[in-house]
file my_file_0.txt (compact mmCIF, C-alpha atoms)
# COMPACT_ATOMS: atom_id res chain seq x y z
CA MET S 1012 119.30 -164.82 69.28
CA THR S 1013 116.53 -165.49 71.78
CA PRO S 1014 116.60 -169.01 73.26
CA ALA S 1015 114.91 -171.52 70.99
CA LEU S 1016 111.29 -172.41 71.66
CA LEU S 1017 111.52 -175.56 69.59
CA THR S 1018 114.72 -177.55 69.20
CA ALA S 1019 115.61 -180.75 67.41
CA ARG S 1020 118.94 -182.49 67.93
CA ALA S 1021 120.33 -185.32 65.79
CA LEU S 1022 116.83 -186.29 64.81
CA ARG S 1023 116.51 -189.42 62.73
CA LYS S 1024 113.63 -191.37 61.27
CA THR S 1025 114.02 -194.30 58.89
CA TYR S 1026 111.52 -196.41 57.01
CA GLY S 1027 112.04 -199.89 55.63
CA ARG S 1028 115.20 -201.91 56.06
CA GLY S 1029 118.18 -203.32 54.21
CA ASP S 1030 118.44 -202.09 50.63
CA ALA S 1031 115.04 -200.46 50.92
CA LEU S 1032 116.08 -198.39 53.95
CA VAL S 1033 115.02 -194.77 53.56
CA ARG S 1034 116.38 -192.16 55.88
CA ALA S 1035 113.38 -189.83 55.80
CA VAL S 1036 114.95 -187.58 58.42
CA ASP S 1037 118.69 -187.89 58.71
CA ASP S 1038 120.48 -186.29 61.66
CA VAL S 1039 118.56 -183.05 61.66
CA ASP S 1040 119.38 -180.19 63.99
CA LEU S 1041 116.94 -177.33 64.12
CA ASP S 1042 116.26 -174.36 66.37
CA VAL S 1043 113.14 -172.24 66.08
CA ALA S 1044 113.01 -169.08 68.15
CA ALA S 1045 109.79 -167.88 69.77
CA GLY S 1046 107.89 -165.64 67.37
CA GLU S 1047 109.83 -166.80 64.36
CA THR S 1048 108.37 -168.03 61.08
CA VAL S 1049 110.48 -170.77 59.53
CA ALA S 1050 109.74 -172.28 56.13
CA ILE S 1051 111.14 -175.66 55.15
CA MET S 1052 111.26 -176.31 51.41
CA GLY S 1053 112.43 -179.21 49.37
CA PRO S 1054 111.39 -181.64 46.64
CA SER S 1055 108.66 -184.24 47.25
CA GLY S 1056 109.91 -187.07 49.37
CA CYS S 1057 112.76 -185.08 50.90
CA GLY S 1058 111.41 -185.81 54.38
CA LYS S 1059 110.05 -182.39 55.21
CA SER S 1060 106.57 -183.58 56.20
CA THR S 1061 108.05 -186.39 58.29
CA LEU S 1062 110.21 -183.83 60.08
CA LEU S 1063 107.13 -181.72 60.82
CA TYR S 1064 105.25 -184.73 62.20
CA LEU S 1065 108.17 -185.60 64.45
CA LEU S 1066 108.36 -182.02 65.74
CA GLY S 1067 104.66 -182.02 66.57
CA GLY S 1068 104.57 -185.45 68.17
CA LEU S 1069 102.41 -187.01 65.44
CA ASP S 1070 105.14 -189.53 64.83
CA ARG S 1071 108.10 -190.75 66.85
CA ALA S 1072 111.75 -190.44 65.88
CA ASP S 1073 114.10 -193.43 65.93
CA ARG S 1074 116.74 -191.30 67.53
CA GLY S 1075 117.45 -187.77 68.68
CA GLU S 1076 115.89 -185.16 70.91
CA ILE S 1077 113.02 -182.72 70.53
CA LEU S 1078 112.49 -179.93 73.01
CA LEU S 1079 109.42 -177.73 73.07
CA ALA S 1080 109.62 -174.92 75.62
CA GLY S 1081 112.17 -176.96 77.54
CA GLN S 1082 110.11 -180.16 77.58
CA ARG S 1083 111.53 -183.34 76.05
CA VAL S 1084 108.85 -184.30 73.55
CA ASP S 1085 110.68 -187.52 72.59
CA LYS S 1086 110.48 -188.76 76.20
CA LEU S 1087 106.73 -188.32 76.59
CA GLY S 1088 104.42 -191.29 76.99
CA GLU S 1089 101.40 -191.71 74.73
CA ARG S 1090 98.97 -189.93 77.02
CA ASP S 1091 101.25 -186.92 77.57
CA LEU S 1092 102.07 -186.81 73.88
CA ALA S 1093 98.37 -186.66 73.03
CA ARG S 1094 97.96 -183.79 75.47
CA LEU S 1095 100.93 -181.98 73.91
CA ARG S 1096 99.44 -182.34 70.42
CA ARG S 1097 96.14 -180.97 71.66
CA ASP S 1098 97.36 -178.07 73.80
CA ALA S 1099 100.84 -176.99 72.78
CA VAL S 1100 100.87 -177.57 69.04
CA GLY S 1101 98.48 -176.38 66.34
CA PHE S 1102 98.42 -178.33 63.08
CA VAL S 1103 97.37 -177.11 59.65
CA PHE S 1104 97.20 -179.66 56.81
CA GLN S 1105 97.10 -179.40 53.05
CA SER S 1106 93.66 -180.97 52.82
CA PHE S 1107 92.22 -179.01 55.77
CA HIS S 1108 91.01 -182.10 57.71
CA LEU S 1109 87.82 -180.40 58.87
CA MET S 1110 84.89 -182.41 60.16
CA ASP S 1111 82.37 -182.25 57.32
CA GLU S 1112 79.32 -182.66 59.52
CA LEU S 1113 80.29 -179.85 61.91
CA THR S 1114 79.87 -176.14 61.20
CA ALA S 1115 82.88 -173.82 61.04
CA VAL S 1116 82.48 -172.68 64.64
CA GLU S 1117 81.97 -176.26 65.86
CA ASN S 1118 85.17 -177.31 64.11
CA VAL S 1119 87.10 -174.46 65.69
CA GLU S 1120 85.80 -175.03 69.23
CA LEU S 1121 86.40 -178.79 69.18
CA PRO S 1122 90.02 -178.76 70.43
CA ALA S 1123 89.05 -176.46 73.31
CA LEU S 1124 86.17 -178.77 74.28
CA LEU S 1125 88.50 -181.77 74.15
CA ALA S 1126 90.88 -179.87 76.41
CA GLY S 1127 88.08 -179.61 78.98
CA ARG S 1128 87.06 -175.99 78.54
CA SER S 1129 83.43 -175.12 79.21
CA PRO S 1130 81.19 -175.11 76.12
CA ARG S 1131 80.53 -171.43 76.68
CA ALA S 1132 84.24 -170.49 76.89
CA ALA S 1133 85.09 -172.71 73.94
CA ARG S 1134 82.36 -171.13 71.81
CA ARG S 1135 83.41 -167.60 72.76
CA ARG S 1136 87.02 -168.34 71.84
CA ALA S 1137 86.01 -170.01 68.57
CA LEU S 1138 83.95 -166.99 67.55
CA GLU S 1139 86.87 -164.69 68.38
CA LEU S 1140 89.16 -166.78 66.21
CA LEU S 1141 86.71 -166.81 63.31
CA GLU S 1142 86.47 -163.05 63.63
CA ARG S 1143 90.23 -162.83 63.49
CA THR S 1144 90.43 -165.02 60.41
CA GLY S 1145 87.78 -162.89 58.71
CA LEU S 1146 85.08 -165.57 58.82
CA ALA S 1147 82.72 -164.25 61.49
CA ASP S 1148 79.84 -164.31 59.00
CA ARG S 1149 80.59 -167.93 58.05
CA ALA S 1150 80.52 -169.37 61.58
CA ARG S 1151 77.37 -171.50 61.01
CA PHE S 1152 78.38 -172.75 57.59
CA LEU S 1153 79.36 -176.35 56.95
CA PRO S 1154 82.79 -176.78 55.34
CA SER S 1155 81.10 -177.89 52.10
CA ALA S 1156 79.58 -174.40 51.80
CA LEU S 1157 82.98 -172.70 52.09
CA SER S 1158 85.64 -171.99 49.48
CA GLY S 1159 89.06 -173.67 49.73
CA GLY S 1160 90.66 -170.53 51.13
CA GLN S 1161 87.88 -170.18 53.72
CA ARG S 1162 88.19 -173.83 54.75
CA GLN S 1163 91.89 -173.42 55.29
CA ARG S 1164 91.28 -170.29 57.37
CA VAL S 1165 88.83 -172.28 59.51
CA ALA S 1166 91.54 -174.91 59.90
CA VAL S 1167 94.01 -172.22 61.00
CA ALA S 1168 91.47 -170.87 63.50
CA ARG S 1169 91.06 -174.42 64.84
CA ALA S 1170 94.83 -174.76 65.16
CA LEU S 1171 94.81 -171.68 67.39
CA ALA S 1172 91.95 -172.83 69.63
CA ASN S 1173 94.14 -173.81 72.57
CA ASP S 1174 96.71 -171.01 72.13
CA PRO S 1175 99.47 -173.33 70.96
CA LEU S 1176 103.14 -172.55 71.51
CA VAL S 1177 103.79 -173.34 67.87
CA VAL S 1178 101.72 -173.79 64.72
CA LEU S 1179 102.99 -176.45 62.33
CA ALA S 1180 101.65 -176.26 58.79
CA ASP S 1181 102.10 -178.93 56.11
CA GLU S 1182 101.66 -177.52 52.58
CA PRO S 1183 98.89 -175.17 53.75
CA THR S 1184 98.41 -173.68 50.28
CA GLY S 1185 98.94 -176.92 48.36
CA ASN S 1186 95.26 -177.17 47.40
CA LEU S 1187 94.56 -173.48 46.88
CA ASP S 1188 94.48 -171.20 43.87
CA SER S 1189 96.38 -167.94 43.68
CA ALA S 1190 93.74 -165.71 45.33
CA ALA S 1191 93.04 -168.19 48.16
CA THR S 1192 96.79 -168.56 48.70
CA LEU S 1193 96.98 -164.82 49.29
CA GLU S 1194 94.17 -165.07 51.89
CA VAL S 1195 96.12 -167.70 53.80
CA LEU S 1196 99.37 -165.77 53.44
CA ARG S 1197 97.69 -162.70 54.89
CA LEU S 1198 96.50 -164.75 57.82
CA PHE S 1199 99.94 -166.24 58.48
CA ASP S 1200 101.44 -162.79 58.20
CA ASP S 1201 98.95 -161.54 60.78
CA LEU S 1202 99.85 -164.44 63.11
CA HIS S 1203 103.51 -163.66 62.63
CA GLN S 1204 102.93 -159.98 63.52
CA THR S 1205 101.25 -161.03 66.77
CA GLY S 1206 104.21 -163.18 67.76
CA GLN S 1207 102.92 -166.66 66.91
CA THR S 1208 105.71 -169.13 66.23
CA LEU S 1209 105.21 -170.89 62.89
CA VAL S 1210 106.93 -173.74 61.09
CA ILE S 1211 105.69 -174.21 57.55
CA VAL S 1212 106.62 -177.05 55.24
CA THR S 1213 105.93 -176.06 51.66
CA HIS S 1214 106.59 -176.29 47.95
CA ASP S 1215 105.15 -172.85 47.50
CA ALA S 1216 107.82 -170.20 47.06
CA ARG S 1217 105.24 -167.56 47.94
CA ILE S 1218 104.93 -168.84 51.50
CA ALA S 1219 108.64 -169.40 51.76
CA ALA S 1220 109.18 -165.79 50.80
CA THR S 1221 107.12 -164.55 53.73
CA ALA S 1222 109.20 -166.47 56.31
CA ASP S 1223 112.02 -165.01 58.38
CA ARG S 1224 114.13 -168.00 57.59
CA LEU S 1225 114.06 -170.50 54.80
CA ILE S 1226 115.58 -173.95 55.19
CA THR S 1227 116.12 -176.22 52.23
CA MET S 1228 115.84 -179.94 52.82
CA ARG S 1229 117.08 -182.75 50.60
CA ASP S 1230 117.28 -186.50 51.18
CA GLY S 1231 116.31 -186.12 54.80
CA ALA S 1232 118.94 -183.52 55.64
CA LEU S 1233 118.77 -179.79 56.07
CA LEU S 1234 120.92 -178.20 53.40
CA ASP S 1235 121.14 -174.51 53.54
CA GLU S 1236 119.57 -171.68 55.33
CA THR S 1237 118.60 -168.32 53.96
CA ARG S 1238 117.61 -165.30 55.93
CA LEU S 1239 115.16 -163.41 53.83
CA THR S 1240 114.86 -160.41 56.10
CA GLY S 1241 116.98 -157.35 55.42
CA GLY S 1242 119.09 -156.66 52.37
CA ALA S 1243 118.19 -154.17 49.69
CA THR S 1244 117.00 -155.91 46.57
CA GLY S 1245 116.03 -153.01 44.35
CA SER S 1246 112.68 -151.47 43.80
CA LEU S 1247 109.37 -153.00 42.88
CA SER S 1248 109.26 -150.82 39.81
CA ARG S 1249 112.35 -152.55 38.45
CA LEU S 1250 110.68 -155.90 39.05
CA ALA S 1251 107.70 -154.63 37.10
CA GLY S 1252 109.95 -153.80 34.16
CA LEU S 1253 109.96 -150.04 34.51
CA GLU S 1254 113.37 -148.52 34.04
CA SER S 1255 115.09 -147.03 37.03
CA GLU S 1256 116.94 -143.80 36.78
CA GLY S 1257 120.67 -143.31 36.51
CA MET O 1181 111.49 -144.73 38.08
CA LEU O 1182 110.81 -143.87 34.48
CA VAL O 1183 107.83 -144.61 32.31
CA GLN O 1184 107.95 -144.73 28.53
CA GLN O 1185 106.77 -141.86 26.37
CA GLU O 1186 104.03 -144.04 24.93
CA VAL O 1187 102.67 -144.74 28.41
CA VAL O 1188 102.40 -141.03 29.19
CA LEU O 1189 100.76 -140.51 25.82
CA ALA O 1190 98.27 -143.33 26.29
CA MET O 1191 97.29 -142.15 29.77
CA LEU O 1192 96.19 -138.89 28.10
CA ALA O 1193 93.93 -140.70 25.65
CA LYS O 1194 90.94 -140.82 27.98
CA GLU O 1195 90.64 -137.03 28.13
CA PRO O 1196 92.89 -133.96 28.13
CA THR O 1197 94.37 -133.23 31.51
CA TYR O 1198 97.19 -131.49 33.38
CA GLY O 1199 100.43 -133.05 34.59
CA TYR O 1200 99.45 -133.59 38.20
CA GLU O 1201 96.30 -135.49 37.30
CA LEU O 1202 98.24 -137.58 34.79
CA ARG O 1203 100.66 -138.56 37.50
CA ALA O 1204 97.77 -139.47 39.80
CA ARG O 1205 96.35 -141.75 37.08
CA LEU O 1206 99.68 -143.52 36.79
CA ARG O 1207 100.03 -143.88 40.55
CA GLN O 1208 96.56 -145.34 40.74
CA ALA O 1209 97.28 -147.89 38.00
CA LEU O 1210 100.64 -148.95 39.46
CA GLY O 1211 99.77 -149.13 43.15
CA PRO O 1212 102.80 -149.84 45.37
CA VAL O 1213 104.93 -150.31 42.26
CA GLY O 1214 104.43 -146.63 41.43
CA GLU O 1215 105.61 -145.31 44.76
CA ASP O 1216 108.90 -144.00 43.43
CA LEU O 1217 107.35 -142.50 40.32
CA ASN O 1218 109.37 -139.47 39.25
CA ALA O 1219 107.07 -136.46 38.84
CA GLY O 1220 109.72 -134.33 37.14
CA GLN O 1221 110.24 -136.94 34.45
CA ILE O 1222 106.57 -136.84 33.51
CA TYR O 1223 106.79 -133.10 32.86
CA VAL O 1224 110.00 -133.55 30.85
CA THR O 1225 108.28 -136.25 28.80
CA LEU O 1226 105.23 -134.05 28.23
CA THR O 1227 107.48 -131.24 26.95
CA ARG O 1228 109.18 -133.67 24.57
CA LEU O 1229 105.86 -134.98 23.35
CA GLU O 1230 104.73 -131.41 22.76
CA LYS O 1231 107.85 -130.63 20.69
CA ALA O 1232 107.29 -133.82 18.69
CA GLY O 1233 103.79 -132.64 17.88
CA LEU O 1234 102.12 -135.55 19.67
CA VAL O 1235 100.39 -133.41 22.28
CA THR O 1236 99.35 -129.78 22.54
CA ALA O 1237 99.51 -127.78 25.75
CA THR O 1238 97.03 -125.05 26.58
CA ALA O 1239 97.49 -122.78 29.57
CA GLU O 1240 94.49 -122.78 31.87
CA ALA O 1241 94.17 -119.69 34.05
CA GLY O 1242 93.70 -120.42 37.73
CA GLN O 1243 91.63 -118.28 40.10
CA ASP O 1244 92.88 -119.28 43.54
CA ARG O 1245 95.75 -121.44 42.27
CA PRO O 1246 98.64 -121.06 39.81
CA ASP O 1247 97.99 -121.41 36.08
CA ARG O 1248 98.47 -124.90 34.73
CA LYS O 1249 98.91 -126.51 31.36
CA VAL O 1250 96.29 -128.87 30.04
CA TYR O 1251 97.72 -131.48 27.67
CA GLU O 1252 95.75 -133.00 24.83
CA LEU O 1253 96.62 -135.61 22.21
CA THR O 1254 97.01 -134.40 18.63
CA ALA O 1255 95.82 -136.55 15.73
CA THR O 1256 99.38 -137.85 15.32
CA GLY O 1257 99.47 -138.57 19.03
CA GLN O 1258 96.31 -140.62 18.76
CA LEU O 1259 97.78 -142.62 15.90
CA ARG O 1260 100.90 -143.27 17.94
CA VAL O 1261 98.81 -144.53 20.86
CA ALA O 1262 96.82 -146.82 18.57
CA ALA O 1263 100.04 -148.20 17.09
CA TRP O 1264 101.51 -148.76 20.54
CA LEU O 1265 98.41 -150.61 21.73
CA ALA O 1266 98.54 -152.86 18.67
CA GLU O 1267 102.24 -153.61 19.11
CA VAL O 1268 103.10 -156.99 20.65
CA SER O 1269 105.99 -156.47 23.00
CA TRP O 1270 107.06 -158.51 25.94
CA PRO O 1271 110.19 -157.96 27.95
CA ARG O 1272 112.79 -160.60 27.17
CA PRO O 1273 113.80 -162.61 30.22
CA ASP O 1274 117.55 -163.15 30.41
CA LEU O 1275 117.36 -166.92 30.59
CA ALA O 1276 120.06 -167.62 28.02
CA GLU O 1277 122.67 -165.57 29.86
CA PHE O 1278 122.11 -167.40 33.12
CA HIS O 1279 122.01 -170.75 31.34
CA LEU O 1280 125.31 -170.08 29.60
CA LYS O 1281 126.86 -168.93 32.86
CA LEU O 1282 126.15 -172.38 34.30
CA VAL O 1283 127.45 -174.16 31.21
CA ALA O 1284 130.67 -172.10 31.15
CA ALA O 1285 131.28 -172.35 34.89
CA PHE O 1286 130.96 -176.13 34.77
CA ALA O 1287 132.99 -176.63 31.60
CA ALA O 1288 135.93 -174.58 32.84
CA ARG O 1289 135.57 -175.80 36.44
CA LEU O 1290 135.53 -172.14 37.41
CA ALA O 1291 132.62 -172.30 39.82
CA ASP O 1292 130.07 -174.76 41.09
CA PRO O 1293 126.88 -174.42 39.04
CA LEU O 1294 124.86 -175.33 42.12
CA ALA O 1295 126.37 -172.47 44.09
CA ILE O 1296 125.43 -170.10 41.27
CA ILE O 1297 121.90 -171.52 41.26
CA ASP O 1298 121.64 -171.11 45.05
CA ALA O 1299 122.77 -167.49 44.91
CA GLN O 1300 120.26 -166.79 42.16
CA ARG O 1301 117.49 -168.48 44.12
CA ARG O 1302 118.19 -166.41 47.22
CA GLU O 1303 117.98 -163.24 45.17
CA LEU O 1304 114.71 -164.30 43.52
CA LEU O 1305 113.23 -165.24 46.89
CA ARG O 1306 114.14 -161.84 48.32
CA ARG O 1307 112.44 -160.19 45.37
CA LEU O 1308 109.45 -162.44 45.80
CA ARG O 1309 109.34 -161.44 49.43
CA ASP O 1310 109.31 -157.74 48.54
CA ALA O 1311 106.55 -158.20 45.98
CA GLN O 1312 104.59 -160.43 48.34
CA ARG O 1313 104.86 -157.91 51.18
CA ALA O 1314 103.47 -155.20 48.93
CA ALA O 1315 100.70 -157.55 47.73
CA LEU O 1316 99.65 -158.38 51.29
CA THR O 1317 98.90 -154.75 52.09
CA GLU O 1318 97.23 -153.93 48.78
CA PRO O 1319 93.45 -154.35 48.44
CA GLY O 1320 92.84 -157.37 46.24
CA THR O 1321 90.73 -155.53 43.70
CA SER O 1322 93.11 -152.67 42.86
CA ASP O 1323 95.05 -152.22 39.63
CA GLY O 1324 98.21 -152.29 41.70
CA ALA O 1325 97.36 -155.74 43.11
CA LEU O 1326 96.97 -157.13 39.61
CA LEU O 1327 100.40 -155.85 38.61
CA LEU O 1328 101.93 -157.29 41.78
CA GLU O 1329 100.33 -160.66 41.01
CA GLY O 1330 102.09 -160.57 37.65
CA ILE O 1331 105.43 -159.91 39.32
CA VAL O 1332 104.84 -162.73 41.79
CA LEU O 1333 103.83 -165.25 39.11
CA ARG O 1334 106.88 -164.44 36.99
CA LEU O 1335 109.21 -164.87 39.94
CA GLN O 1336 107.53 -168.19 40.72
CA ALA O 1337 108.11 -169.30 37.13
CA ASP O 1338 111.78 -168.32 37.37
CA LEU O 1339 112.09 -170.23 40.64
CA ARG O 1340 110.57 -173.32 39.04
CA TRP O 1341 113.07 -173.14 36.23
CA LEU O 1342 115.86 -172.91 38.83
CA GLU O 1343 114.54 -176.15 40.33
CA ALA O 1344 114.90 -177.77 36.91
CA CYS O 1345 118.43 -176.32 36.58
CA GLU O 1346 119.28 -177.69 39.98
CA ARG O 1347 118.08 -181.20 39.15
CA THR O 1348 120.01 -181.33 35.92
CA TRP O 1349 123.24 -179.86 37.26
CA THR O 1350 123.16 -182.05 40.35
CA THR O 1351 123.04 -185.11 38.10
CA ARG O 1352 125.78 -183.82 35.82
CA ARG O 1353 128.05 -182.88 38.67
CA ASN O 1354 127.58 -186.26 40.30
CA GLN O 1355 128.40 -188.04 37.04
CA SER O 1356 131.60 -186.13 36.39

call {"tool": "encode", "arguments": {"input": "my_file_0.txt", "output": "structure tokens"}}
result
Amino acid sequence: MTPALLTARALRKTYGRGDALVRAVDDVDLDVAAGETVAIMGPSGCGKSTLLYLLGGLDRADRGEILLAGQRVDKLGERDLARLRRDAVGFVFQSFHLMDELTAVENVELPALLAGRSPRAARRRALELLERTGLADRARFLPSALSGGQRQRVAVARALANDPLVVLADEPTGNLDSAATLEVLRLFDDLHQTGQTLVIVTHDARIAATADRLITMRDGALLDETRLTGGATGSLSRLAGLESEG
Amino acid sequence: MLVQQEVVLAMLAKEPTYGYELRARLRQALGPVGEDLNAGQIYVTLTRLEKAGLVTATAEAGQDRPDRKVYELTATGQLRVAAWLAEVSWPRPDLAEFHLKLVAAFAARLADPLAIIDAQRRELLRRLRDAQRAALTEPGTSDGALLLEGIVLRLQADLRWLEACERTWTTRRNQS
């Protein structure tokens, strides 16, 4: 296995105290290799979103280590952590979190502008990303004029604005219907093919099924791990209910 | 992969045609699911249908290609197609068997129901992955994509039921 790009060791996060103490993340070890897509599934409240926030520096762990490309995320001060979130990590949320008053292209270029890129370079990159996500003709639209699937694709384009080391997605299809889910799955698949590292927290078995590795989480702990790649599973025709021969 | 006699018959209902074209119609309707369609079986089926008096075959002379048989529905064939279309049939999912496997395994302490559920889930997820992969490369408007969506939705339903199984058996195991 290639050395891990993202590593968590003995990660712990608790909320509340005494009898009401909840171990949202309980001694979690995780390694994500560069270019890998990892899905984390589990029931609501199992701690999977908390884990994702810890990995991306949106929240701080009580204990444990996080390494991203060799850098100790848990040791960073506030200013460095903010820079890490902006430059090294791309976030995708269930409810898109787009700025309603900015057009698609303005949303996408924002992280690059915040990172100090020139307006011209940021705009060029944003247009490239919208092209890649199949939204070139929607660049000047406000989010309110876009469908759910299109909004989420804008959000993915925004997550890529600063060429992050890893994209972290929290229930990215949670608010989407079946057709829009497929749009987002196609996009993630495309990112995966180009070597983007992805960690996706989801309820949606469809996303989980496109990952290289599926991790089940329960009560704050990682339970079991399934490699979905490889292994003959029979033909599609059998799944469709057509008899196979012999 | 085999298709039923009635399917072959019904695909002829639009207009008489020869075997190769019939196969192309089926491939078109099935998309990626039809990739391992057995051409030989279609011809065998057509011969059977002919013997049963459901289709007639007429040789069509070719000029710069070999002769071929054009198949056409007979009146009986058309009735059979109409009856088949009216029939309500839906493949039975094997839920009871799996359910009873869990009950028996737990009662006899032969195996951990949760381990059985996990194994089943892995298999369903692999199948979902295969169907999903095919769906990702299929244009969204094709007949094949619609069939794949059906496969995906069914697998999702099965996976949801497994979640319910898991909740219940976790509780039962913890209580015992």

call {"tool": "closest_residue", "arguments": {"input": "my_file_0.txt", "among": "O:Glu1201, O:Glu1230, O:Asp1216, O:Glu1252", "to": "chain S", "atoms": "all atoms listed in the file"}}
result
O:Asp1216

call {"tool": "closest_residue", "arguments": {"input": "my_file_0.txt", "among": "O:Ala1193, O:Arg1353, O:Asp1247, O:Pro1212", "to": "Ala1285 of chain O", "atoms": "all atoms listed in the file"}}
result
O:Arg1353

call {"tool": "interface_residues", "arguments": {"input": "my_file_0.txt", "of": "chain S", "to": "chain O", "cutoff": "12 Å", "atoms": "only C-alpha atoms", "output": "JSON, numbers by chain"}}
result
{"S": [1052, 1053, 1054, 1189, 1190, 1191, 1192, 1193, 1194, 1195, 1196, 1197, 1198, 1199, 1200, 1201, 1214, 1215, 1216, 1217, 1218, 1219, 1220, 1221, 1222, 1223, 1224, 1225, 1226, 1227, 1229, 1234, 1235, 1236, 1237, 1238, 1239, 1240, 1241, 1242, 1243, 1244, 1245, 1246, 1247, 1248, 1249, 1250, 1251, 1252, 1253, 1254, 1255, 1256, 1257]}

call {"tool": "axis_aligned_box", "arguments": {"input": "my_file_0.txt", "around": "segment 1099-1105 of chain S", "padding_each_side": "6 Å", "output": "AutoDock Vina command-line options"}}
result
--center_x 99.0 --center_y -178.0 --center_z 62.9 --size_x 15.8 --size_y 15.3 --size_z 31.7

call {"tool": "residues_around", "arguments": {"input": "my_file_0.txt", "residues": "Thr1208 of chain S", "least_positions_apart": "2", "cutoff": "10 Å", "atoms": "all atoms listed in the file", "output": "ChimeraX atom specification"}}
result
/S:1016-1017,1043-1049,1175-1179,1202-1206,1210

call {"tool": "closest_residue", "arguments": {"input": "my_file_0.txt", "among": "S:Ser1060, S:Leu1109, S:Arg1090, S:Gly1160", "to": "Asn1186 of chain S", "atoms": "all atoms listed in the file"}}
result
S:Gly1160

call {"tool": "decode", "arguments": {"input": "my_file_0.txt", "residues": "segment 1209-1258 of chain O", "atoms": "C-alpha atoms", "output": "CSV table (one decimal), in the first residue's frame"}}
result
chain,number,residue,atom,x,y,z
O,1209,ALA,CA,-33.7,-2.3,-24.7
O,1210,LEU,CA,-31.3,-4.0,-22.2
O,1211,GLY,CA,-28.3,-1.7,-22.6
O,1212,PRO,CA,-25.3,-3.0,-20.5
O,1213,VAL,CA,-27.5,-5.7,-19.0
O,1214,GLY,CA,-27.8,-7.3,-22.4
O,1215,GLU,CA,-24.1,-7.5,-23.1
O,1216,ASP,CA,-23.9,-11.3,-22.6
O,1217,LEU,CA,-27.1,-11.9,-24.6
O,1218,ASN,CA,-26.9,-15.4,-26.2
O,1219,ALA,CA,-27.5,-15.1,-29.9
O,1220,GLY,CA,-27.8,-18.8,-30.5
O,1221,GLN,CA,-30.5,-19.1,-27.9
O,1222,ILE,CA,-32.7,-16.6,-29.7
O,1223,TYR,CA,-32.6,-18.7,-32.8
O,1224,VAL,CA,-33.4,-21.8,-30.8
O,1225,THR,CA,-36.3,-20.0,-29.3
O,1226,LEU,CA,-37.5,-18.8,-32.7
O,1227,THR,CA,-37.4,-22.4,-34.0
O,1228,ARG,CA,-39.5,-23.6,-31.0
O,1229,LEU,CA,-42.0,-20.8,-31.4
O,1230,GLU,CA,-42.3,-21.8,-35.1
O,1231,LYS,CA,-43.0,-25.4,-34.2
O,1232,ALA,CA,-45.6,-24.3,-31.6
O,1233,GLY,CA,-47.3,-22.3,-34.3
O,1234,LEU,CA,-46.8,-19.0,-32.7
O,1235,VAL,CA,-44.6,-17.6,-35.4
O,1236,THR,CA,-44.1,-18.3,-39.1
O,1237,ALA,CA,-40.8,-18.1,-40.9
O,1238,THR,CA,-40.4,-17.0,-44.5
O,1239,ALA,CA,-37.1,-17.3,-46.3
O,1240,GLU,CA,-36.1,-14.0,-47.8
O,1241,ALA,CA,-33.6,-14.3,-50.7
O,1242,GLY,CA,-30.5,-12.2,-50.4
O,1243,GLN,CA,-28.7,-10.6,-53.4
O,1244,ASP,CA,-25.3,-9.8,-52.0
O,1245,ARG,CA,-25.8,-11.6,-48.6
O,1246,PRO,CA,-27.0,-15.0,-47.5
O,1247,ASP,CA,-30.7,-15.8,-47.4
O,1248,ARG,CA,-32.4,-15.1,-44.1
O,1249,LYS,CA,-35.6,-16.0,-42.4
O,1250,VAL,CA,-38.1,-13.3,-41.6
O,1251,TYR,CA,-40.3,-14.2,-38.6
O,1252,GLU,CA,-43.8,-13.1,-38.1
O,1253,LEU,CA,-46.4,-13.6,-35.3
O,1254,THR,CA,-49.3,-15.8,-36.1
O,1255,ALA,CA,-52.8,-15.0,-34.8
O,1256,THR,CA,-52.1,-17.4,-31.9
O,1257,GLY,CA,-48.8,-15.7,-31.3
O,1258,GLN,CA,-50.5,-12.4,-31.0
